[in-house]
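To start, the structure under review is shown below, and the notes come after it.
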There are 2 protein chains.
Amino acid sequence: MKADFVNPFISGLLNVLETMAQTTLTPGKPKKKQSDVAKGDVSGLIGMVGPEVRGSLSITFDESLALTIMERMVGERPTSLDAEVADMVGEITNMICGNAKRDLAEKGYEFGMATPVVVSGKQHTISHQVDGPKIILPFICDAGQAHLEICFDQ
Amino acid sequence: MKADFVNPFISGLLNVLETMAQTTLTPGKPKKKQSDVAKGDVSGLIGMVGPEVRGSLSITFDESLALTIMERMVGERPTSLDAEVADMVGEITNMICGNAKRDLAEKGYEFGMATPVVVSGKQHTISHQVDGPKIILPFICDAGQAHLEICFDQ
């Protein structure tokens with residue numbers, strides 16, 4: 001996968017968390033192996049469909065990071081991964097993908113976004129079912145870890 | 001949501017499991033409340049994007065049912081929800097949605113399908129982030145439970 005295809009998703013994630021939750025994430029080393037899986041406690045997923053592009057995106061947060069983002073956004077720390085945290089993760093997922101969609105449309109890659117889905121559950125894993133490239137990008141900050149996965153069909 | 005929109009997904013699920021795994025599911029009572037959530041151990045998710053349709057589908061299986069389906073398909077029961085089970089769940093998700101897509105296209109509802117994503121994790125919950133109707137359909141058989149969720153934006 002070309003860097004100029006992945007970068008708009010990364011900048012989307014960094015911008016959204018910086019703007020909405022004053023949280024600065026530091027990118028780690030990308031992984032490309034098919035067998036690599038990201039584990040986390042709450043994930044937002046979104047499907048992408050276009051004439052030349054068909055794929056899926058996920059953003060997976062540790063519980064501690066998701067609760068901290070919520071606390072920084074609304075001023076109060078939830079006690080668990082409740083429905084409001086799920087809505088917040090869905091909204092962040094939508095914004096990351098919307099950001100990338102705009103950037104990529106300018107480069108000639110058009111796609112439509114499905115509605116986001118949020119999964120909650122201790123240490124779940126996500127497997128994107130594509131036959132093309134998969135990329136897992138780890139991010140870290142003071143409050144915990146996040147993993148962004150972007151995957152496309154050939 | 002109109003029944004003629006939901007029925008192609010239901011018949012897709014029933015047909016796929018009957019044909020691929022000789023497993024007959026019995027539908028339970030549909031739920032429509034926004035607060036209802038399906039819990040399960042492995043889920044397939046897929047996004048749908050069309051000119052008039054934007055939504056998401058999930059099919060969530062109990063571990064026992066997913067392992068039984070796999071056993072009936074390949075002749076050997078896996079010991080856990082491994083990568084092969086995830087691939088199988090992804091394939092089933094794709095087939096359910098593909099079945100419905102064909103039926104609905106004949107009725108004038110066109111949409112594209114994103115690539116499926118599979119989530120594994122004990123008793124995870126799924127929250128579809130749509131502002132339109134959500135429907136949860138429970139299914140039961142000798143080997144366990146499944147929940148089909150179909151959700152669309154207004």
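Scheme for the structure tokens: letters A, B, ... for chains in order shown; per-chain residue numbers from 1; ligand numbers from 1 in order shown.
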- Query: Could you name the residues that touch region 59-64 of chain B at 9 Å or less, counting only C-alpha atoms, but leaving out those on the same chain fewer than 5 positions away, as a VMD selection string?
  - Reply: chain B and resid 13 38 to 45 69 80 to 81 89 92 to 93 122 to 123 126 143 to 150
- Message: Show me, as a ChimeraX atom specification, the residues of chain B whose atoms get within 6 Å of chain A, using only C-alpha atoms for the distance check.
- Response: /B:47-49,54-55,114-121,124-129
Save the residues we just selected, C-alpha atoms, as a compact mmCIF listing (two decimals), in the first residue's frame?
```txt
# COMPACT_ATOMS: atom_id res chain seq x y z
CA GLY B 47 -20.53 -2.27 5.58
CA MET B 48 -23.00 -1.38 2.84
CA VAL B 49 -22.87 1.78 0.73
CA ARG B 54 -25.85 3.23 3.98
CA GLY B 55 -25.59 0.74 6.76
CA ALA B 114 -17.25 -3.42 1.79
CA THR B 115 -14.86 -6.23 2.74
CA PRO B 116 -15.91 -8.20 5.84
CA VAL B 117 -14.23 -7.83 9.22
CA VAL B 118 -14.27 -10.57 11.87
CA VAL B 119 -14.10 -9.88 15.61
CA SER B 120 -13.15 -12.60 18.10
CA GLY B 121 -13.44 -12.19 21.85
CA HIS B 124 -18.18 -8.99 23.07
CA THR B 125 -21.00 -6.62 22.18
CA ILE B 126 -21.62 -4.76 18.95
CA SER B 127 -23.08 -1.29 18.57
CA HIS B 128 -24.12 -0.21 15.09
CA GLN B 129 -23.79 3.56 14.81
```
- Expected answer as an MDAnalysis selection string: strand (DSSP E or B) residues in region 62-148 of chain B: chainID B and resid 112:113 117:128 134:141 144:148
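The spacing separating CA of Glu84 (chain B) from CA of Arg102 (chain B) amounts to 26.9 Å.
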- Message: From the options A:Cys141, A:Lys29, A:Thr23, A:Gln154, which residue's atoms come nearest to Glu71 (chain A), counting only C-alpha atoms?
- Response: A:Thr23
- Between CA of Pro30 (chain B) and CA of Gly12 (chain B), what is the distance, to one decimal in Å?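 Calculated distance between CA of Pro30 (chain B) and CA of Gly12 (chain B) is 16.4 Å.
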- Message: With only C-alpha atoms as the counted atoms, please give the residues lying no more than 8 Å from Arg77 (chain A), apart from itself and same-chain residues fewer than 6 positions off, as a list in words.
- Response: Leu67, Thr68, Met70 and Glu71 of chain A
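Closest to Ala21 (chain B) among B:Pro133, B:Pro138, B:Gly75, B:Gly108 is B:Gly75, based on only C-alpha atoms.
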- Item | Point-to-point distance from CA of Pro8 (chain A) to CA of Thr26 (chain A), Å rounded to tenths |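 Separation of CA of Pro8 (chain A) and CA of Thr26 (chain A): 15.6 Å.
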- Query: What lies within 10 Å of Leu104 (chain A) using only C-alpha atoms, ignoring chain neighbours under 3 positions off, as a PyMOL selection string?
  - Reply: chain A and resi 4-9+98-101+107-111
- List every residue of region 3-152 of chain B that DSSP, applied to the backbone of this structure, places in helix (DSSP H, G or I), and write the result as number ranges by chain. B: 3-21, 63-74, 83-106
